[in-house]
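Trainee: Submitted below is the structure of interest, expressed as structure tokens.
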Amino acid sequence: MKIRLALMAATALTVATPALAEEPSLQTEITLLKAQVAEQQQQIAAQNAQLAAQAKQLQEIDARLQTATAPASVLATSAPAGGAPTPTSTSTLAAADNGSTGGRGGSDTTIGGYGEISYNGYVHDASRNQADLKRFVLFFGHRFNDRISFNSEVEVEHAVASSGDKGEVEIEQAYLNYAFNPALNVKTGLFLMPFGFINRNHEPPVFYGVERNEVERRIIPSTWREGGVSIWGSTPFGLSYDVGVTTGFDFAKLDDASAPLLGTHQELQLAHAANLSVYGSLEYTPTPGVLIGGAVFSGKTGHANADFKADPTGPNFAGIGGRVTLWDVHARIQHSGFDVEALYTRGSFANSAAIDQIILDYNTANGAERAILPSSFYGWLVQGAYSFSLGGDVTLNPFVRYEKYDTQAKLPLGLTADPTNRDRVLTTGFSFHPLHEVVVKIDYQKFFENKNNDRINLGLGYMF
């Protein structure tokens, strides 16, 4: 009996030994199972959150359907939840104008905006360093019905606007649009000119660099708007157009030779309108991500000598017209994270010799230093960028841009151009987007002619 018990005990020990040896692998398997259970719990939680978000969207849609039957007076004072897309750029405004958001009944009021804060650190002269709340802008739009809409843009520059400050309050857009269909719209009021890239889409998250490029500031006077009437639209085969009759420039107001059109721009502020201007724009998108376009603007700028008649202490330009013409061609390719664009623009003032002779005589007689008018001016740029996705909506966008401009490319009367009015600029940096509507920017700008302008820029921008 004792021998039998001993044999049974030995057998038990022999059987138990493998189980003890396998215990670490069992613990590993248990750990893996726990991790799988935790992962499944996270997936379930994510699905529950997604279902909750979808339920909220359904509630908002239901609220919109109920609100669509409310009186127009109620809608005019309160934008319903989930309303029309916020007009954060001219392209979005155009989409709202032509009814591409859908043929719904009732009215819809929209509020949006954008803003930017910047810091400029000058490499060679720290006394020029400055920080600025550059722009604070609000959009207000209203759709009266499926055909008639109103859009506006109110901007405050440099934080404080008063008679003793450098800030300004401006109305950059205020127009009514009648949409027959996407291919045929008519708008009237104050609206942006369809030139270049930034003039129409100048919200900080949608362009590269803290500062707007020099070409689209000095040659194309961004942000450039005129009052008038426009016919515009887009076709199913990728062609869009915009033509119109508008107010124009006034050469007698020239106060800045470094930006001749910006210095003669009237901004629809009691604008002289003895002479009107015409413009036309064509853009073609043969395939998504590819854009080719161009535009031309032309009009006389003398306005029957209105400035001298209002203030006889200024130069007398009686009998002089001075037509201004500006044109541009531009192209952009966006594909697989790459973004490449190019722009060339050139302008001219007719009869500049007669105009400048009067200015020179006036300066001599009065000890004044009024700016002279160029016969021609031009600028061009090329820019490349790449977008790195960091997960979700987060992106990092390095870029490089090279541009050249000359605001006094040709002067009459044998006059000598001021070298500070021409330059070549290399800008490189990156934009960081925690989401599409918000951006943090940093870049370095090298000015090859005016080296004292070399600077490091920091910027923060948003749109909604």
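By convention here, the chains of the structure tokens are called A, B, ... in the order presented, each chain's residues are numbered starting at 1, and ligands are numbered starting at 1 in the order presented.
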Give me the residues near Val206 of chain A as a list in words, where near means some atom within 10 Å (using only C-alpha atoms) and where sequence neighbours in that chain fewer than 6 positions away do not count.

Mentor: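 Answer for this query is Thr88, Ser89, Ile198, Ser431, His436, Glu437, Val438, Val439, Gly461, Tyr462 and Met463 of chain A.
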
Trainee: Residues within 9 Å of segment 323-340 of chain A, please, as a ChimeraX atom specification. Count only C-alpha atoms; anything in the same chain fewer than 3 positions from it doesn't count.

Mentor: /A:195-197,219-220,248-249,251,288-302,343-351,382-389,399

Trainee: Store the residues picked out above, limited to C-alpha atoms, as a PDB file, in the first residue's frame.

Mentor:
```
ATOM      1  CA  PHE A 195      -7.160  89.025 -60.108  1.00  0.00           C
ATOM      2  CA  GLY A 196      -4.406  86.717 -58.889  1.00  0.00           C
ATOM      3  CA  PHE A 197      -4.874  84.470 -55.870  1.00  0.00           C
ATOM      4  CA  ILE A 219       1.228  95.493 -58.305  1.00  0.00           C
ATOM      5  CA  ILE A 220      -2.220  93.949 -57.740  1.00  0.00           C
ATOM      6  CA  GLY A 248     -11.694 102.871 -61.201  1.00  0.00           C
ATOM      7  CA  PHE A 249      -8.488 104.528 -60.066  1.00  0.00           C
ATOM      8  CA  PHE A 251      -4.120 109.146 -60.612  1.00  0.00           C
ATOM      9  CA  PRO A 288      -9.544  68.877 -60.185  1.00  0.00           C
ATOM     10  CA  GLY A 289      -6.484  70.503 -58.676  1.00  0.00           C
ATOM     11  CA  VAL A 290      -5.401  72.299 -61.855  1.00  0.00           C
ATOM     12  CA  LEU A 291      -6.223  75.991 -62.480  1.00  0.00           C
ATOM     13  CA  ILE A 292      -5.228  78.286 -65.363  1.00  0.00           C
ATOM     14  CA  GLY A 293      -6.517  81.833 -65.558  1.00  0.00           C
ATOM     15  CA  GLY A 294      -6.065  85.472 -66.403  1.00  0.00           C
ATOM     16  CA  ALA A 295      -7.730  88.863 -66.131  1.00  0.00           C
ATOM     17  CA  VAL A 296      -7.565  92.393 -67.540  1.00  0.00           C
ATOM     18  CA  PHE A 297      -8.792  95.755 -66.198  1.00  0.00           C
ATOM     19  CA  SER A 298      -8.790  99.106 -68.011  1.00  0.00           C
ATOM     20  CA  GLY A 299     -10.223 102.588 -67.511  1.00  0.00           C
ATOM     21  CA  LYS A 300      -9.455 106.295 -67.616  1.00  0.00           C
ATOM     22  CA  THR A 301      -8.350 107.866 -64.346  1.00  0.00           C
ATOM     23  CA  GLY A 302      -8.637 111.657 -64.832  1.00  0.00           C
ATOM     24  CA  LEU A 343       1.696  84.498 -61.318  1.00  0.00           C
ATOM     25  CA  TYR A 344       2.730  87.284 -63.689  1.00  0.00           C
ATOM     26  CA  THR A 345       1.113  90.726 -63.713  1.00  0.00           C
ATOM     27  CA  ARG A 346       1.857  94.025 -65.464  1.00  0.00           C
ATOM     28  CA  GLY A 347       0.276  97.477 -65.421  1.00  0.00           C
ATOM     29  CA  SER A 348       0.663 100.788 -67.233  1.00  0.00           C
ATOM     30  CA  PHE A 349      -0.475 104.419 -67.111  1.00  0.00           C
ATOM     31  CA  ALA A 350      -1.058 106.117 -70.450  1.00  0.00           C
ATOM     32  CA  ASN A 351      -0.071 109.783 -70.875  1.00  0.00           C
ATOM     33  CA  VAL A 382       6.598  81.222 -58.208  1.00  0.00           C
ATOM     34  CA  GLN A 383       5.731  79.273 -55.089  1.00  0.00           C
ATOM     35  CA  GLY A 384       5.869  75.644 -54.000  1.00  0.00           C
ATOM     36  CA  ALA A 385       4.540  73.914 -50.886  1.00  0.00           C
ATOM     37  CA  TYR A 386       3.900  70.437 -49.542  1.00  0.00           C
ATOM     38  CA  SER A 387       1.360  69.299 -46.948  1.00  0.00           C
ATOM     39  CA  PHE A 388       2.376  66.668 -44.385  1.00  0.00           C
ATOM     40  CA  SER A 389      -0.564  65.036 -42.633  1.00  0.00           C
ATOM     41  CA  PHE A 399       6.766  76.349 -48.499  1.00  0.00           C
TER      42      PHE A 399
END
```

Trainee: Mind the document's chain letters and residue numbers, and return as a list in words the residues of segment 150-355 of chain A that DSSP labels alpha helix (DSSP H).

Mentor: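 The residues of segment 150-355 of chain A classed as alpha helix (DSSP H) are Val215, Glu216, Arg217, Arg218, Ala306, Asp307, Phe308, Lys309, Ala310, Ser352, Ala353, Ala354 and Ile355 of chain A.
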
Trainee: Going by DSSP on the backbone, which bits of segment 113-297 of chain A are strand (DSSP E)? Write them as an MDAnalysis selection string, please.

Mentor: chainID A and resid 113:122 130:143 148:157 168:181 184:192 225:234 239:246 277:284 290:297

Trainee: Measuring atom to atom with only C-alpha atoms, identify which of A:Asn199, A:Ser240, A:Ser277, A:Asn397 is nearest to Gly228 of chain A.

Mentor: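 Smallest distance to Gly228 of chain A is found for A:Ser277.
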
Trainee: Can you measure atom CA of Arg217 of chain A to atom CA of Gln445 of chain A for me? One decimal in Å is fine.

Mentor: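 Going from atom CA of Arg217 of chain A over to atom CA of Gln445 of chain A covers 15.5 Å.
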
Trainee: One number please: atom CA of Tyr122 of chain A to atom CA of Asn452 of chain A, in Å, one decimal.

Mentor: 7.7 Å

Trainee: Record the distance separating atom CA of Val156 of chain A and atom CA of Phe464 of chain A, expressed in Å with one decimal.

Mentor: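 Taking atom CA of Val156 of chain A and atom CA of Phe464 of chain A, their separation equals 16.5 Å.
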
Trainee: Could you check the closest approach to Ala126 of chain A for each of A:Thr110, A:Thr313, A:Gln266, A:Asn453 and tell me which residue wins, using only C-alpha atoms?

Mentor: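 When distances to Ala126 of chain A are compared using only C-alpha atoms, the smallest one comes from A:Asn453.
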
Trainee: Neighbours of Gly167 of chain A within 12 Å (only C-alpha atoms; same-chain residues fewer than 6 positions away dropped), as an MDAnalysis selection string?

Mentor: chainID A and resid 132:136 155:161

Trainee: Could you check the closest approach to Glu203 of chain A for each of A:Ile456, A:Ala310, A:Leu138, A:Ile320 and tell me which residue wins, using only C-alpha atoms?

Mentor: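 The closest residue to Glu203 of chain A is A:Leu138.
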
Trainee: With only C-alpha atoms as the basis for distance, which of A:Leu460, A:Ile358, A:Ile111, A:Leu426 is at the shortest distance from Asn213 of chain A?

Mentor: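 Of A:Leu460, A:Ile358, A:Ile111, A:Leu426, the one nearest Asn213 of chain A is A:Leu426, counting only C-alpha atoms.
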
Trainee: For segment 402-407 of chain A, find every residue with an atom within 9 Å (counting only C-alpha atoms), except residues of its own chain fewer than 5 positions away, and show them as a list in words.

Mentor: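 Result of the neighbour search: Asn213, Glu214, Val215, Arg218, Ile219, Ala257, Ser258, Ala259, Pro260, Pro374, Ser376, Phe377, Tyr378, Gly379, Trp380, Leu381, Val382, Gln383, Ala417, Pro419, Asn421, Arg422, Asp423, Arg424, Val425, Leu426, Thr427 and Thr428 of chain A.
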
Trainee: Write the residues of the selection above to a file with N, CA, C and O atoms, as a tab-separated table (two decimals), in the first residue's frame.

Mentor:
```tsv
chain	number	residue	atom	x	y	z
A	213	ASN	N	2.14	88.26	-50.17
A	213	ASN	CA	3.31	88.45	-51.03
A	213	ASN	C	3.35	89.87	-51.61
A	213	ASN	O	2.33	90.54	-51.75
A	214	GLU	N	4.57	90.31	-51.95
A	214	GLU	CA	4.78	91.68	-52.40
A	214	GLU	C	4.11	91.96	-53.74
A	214	GLU	O	3.60	93.06	-53.98
A	215	VAL	N	4.12	90.99	-54.65
A	215	VAL	CA	3.54	91.21	-55.99
A	215	VAL	C	2.05	91.47	-55.90
A	215	VAL	O	1.52	92.38	-56.56
A	218	ARG	N	1.80	95.16	-54.08
A	218	ARG	CA	2.31	96.36	-54.73
A	218	ARG	C	1.81	96.51	-56.17
A	218	ARG	O	1.60	97.64	-56.64
A	219	ILE	N	1.65	95.41	-56.90
A	219	ILE	CA	1.23	95.49	-58.30
A	219	ILE	C	-0.28	95.27	-58.41
A	219	ILE	O	-1.00	96.12	-58.94
A	257	ALA	N	4.63	105.82	-54.40
A	257	ALA	CA	5.25	105.31	-55.62
A	257	ALA	C	5.61	103.83	-55.52
A	257	ALA	O	5.81	103.17	-56.54
A	258	SER	N	5.67	103.28	-54.30
A	258	SER	CA	6.02	101.87	-54.13
A	258	SER	C	4.84	100.95	-54.41
A	258	SER	O	5.01	99.72	-54.48
A	259	ALA	N	3.65	101.51	-54.57
A	259	ALA	CA	2.45	100.73	-54.87
A	259	ALA	C	1.49	101.63	-55.65
A	259	ALA	O	0.54	102.16	-55.07
A	260	PRO	N	1.72	101.83	-56.95
A	260	PRO	CA	0.98	102.86	-57.70
A	260	PRO	C	-0.53	102.67	-57.75
A	260	PRO	O	-1.26	103.67	-57.74
A	374	PRO	N	4.36	106.04	-62.80
A	374	PRO	CA	5.17	105.24	-63.72
A	374	PRO	C	4.44	105.02	-65.05
A	374	PRO	O	3.21	105.02	-65.10
A	376	SER	N	5.02	102.13	-66.64
A	376	SER	CA	4.68	100.72	-66.50
A	376	SER	C	5.27	100.17	-65.21
A	376	SER	O	6.24	100.72	-64.66
A	377	PHE	N	4.72	99.09	-64.74
A	377	PHE	CA	5.14	98.41	-63.51
A	377	PHE	C	4.75	96.95	-63.63
A	377	PHE	O	3.80	96.60	-64.34
A	378	TYR	N	5.47	96.06	-62.96
A	378	TYR	CA	5.19	94.63	-63.12
A	378	TYR	C	5.69	93.84	-61.91
A	378	TYR	O	6.44	94.34	-61.06
A	379	GLY	N	5.29	92.57	-61.87
A	379	GLY	CA	5.77	91.65	-60.84
A	379	GLY	C	5.44	90.23	-61.20
A	379	GLY	O	4.50	89.97	-61.97
A	380	TRP	N	6.20	89.29	-60.67
A	380	TRP	CA	5.91	87.87	-60.88
A	380	TRP	C	6.40	87.06	-59.69
A	380	TRP	O	7.25	87.52	-58.91
A	381	LEU	N	5.85	85.86	-59.55
A	381	LEU	CA	6.26	84.99	-58.45
A	381	LEU	C	6.04	83.53	-58.82
A	381	LEU	O	5.22	83.20	-59.67
A	382	VAL	N	6.81	82.67	-58.18
A	382	VAL	CA	6.60	81.22	-58.21
A	382	VAL	C	6.65	80.74	-56.76
A	382	VAL	O	7.42	81.27	-55.95
A	383	GLN	N	5.84	79.74	-56.47
A	383	GLN	CA	5.73	79.27	-55.09
A	383	GLN	C	5.45	77.78	-55.08
A	383	GLN	O	4.67	77.28	-55.89
A	417	ALA	N	14.41	105.97	-61.66
A	417	ALA	CA	13.59	105.22	-60.72
A	417	ALA	C	14.27	105.14	-59.35
A	417	ALA	O	15.50	105.12	-59.24
A	419	PRO	N	15.48	103.06	-56.42
A	419	PRO	CA	15.81	101.64	-56.28
A	419	PRO	C	15.06	100.94	-55.16
A	419	PRO	O	14.96	99.70	-55.16
A	421	ASN	N	12.02	100.87	-54.88
A	421	ASN	CA	10.73	100.45	-55.42
A	421	ASN	C	10.84	99.21	-56.31
A	421	ASN	O	9.91	98.89	-57.05
A	422	ARG	N	11.96	98.53	-56.24
A	422	ARG	CA	12.11	97.25	-56.93
A	422	ARG	C	12.89	96.30	-56.03
A	422	ARG	O	13.74	96.72	-55.24
A	423	ASP	N	12.59	95.01	-56.16
A	423	ASP	CA	13.31	94.04	-55.33
A	423	ASP	C	13.03	92.63	-55.80
A	423	ASP	O	12.10	92.38	-56.60
A	424	ARG	N	13.87	91.72	-55.31
A	424	ARG	CA	13.64	90.28	-55.43
A	424	ARG	C	13.56	89.73	-54.01
A	424	ARG	O	14.41	90.07	-53.17
A	425	VAL	N	12.57	88.91	-53.74
A	425	VAL	CA	12.32	88.47	-52.37
A	425	VAL	C	12.21	86.95	-52.33
A	425	VAL	O	11.45	86.36	-53.10
A	426	LEU	N	12.96	86.34	-51.43
A	426	LEU	CA	12.86	84.91	-51.18
A	426	LEU	C	12.23	84.71	-49.81
A	426	LEU	O	12.73	85.24	-48.80
A	427	THR	N	11.16	83.97	-49.76
A	427	THR	CA	10.45	83.70	-48.51
A	427	THR	C	10.35	82.19	-48.32
A	427	THR	O	9.92	81.47	-49.23
A	428	THR	N	10.73	81.71	-47.14
A	428	THR	CA	10.60	80.29	-46.85
A	428	THR	C	10.18	80.11	-45.40
A	428	THR	O	10.58	80.87	-44.52
```

Trainee: Write out as a VMD selection string the residues lying within 8 Å of Gln173 of chain A, counting only C-alpha atoms and excluding same-chain residues fewer than 3 positions away.

Mentor: chain A and resid 151 to 154 189 to 192 225

Trainee: May I ask which of the residues A:Pro182, A:Gly227, A:Gly115, A:Pro221 is the closest one to Ala273 of chain A, counting only C-alpha atoms?

Mentor: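 Answer, going by the shortest atom-to-atom distance: A:Gly227.
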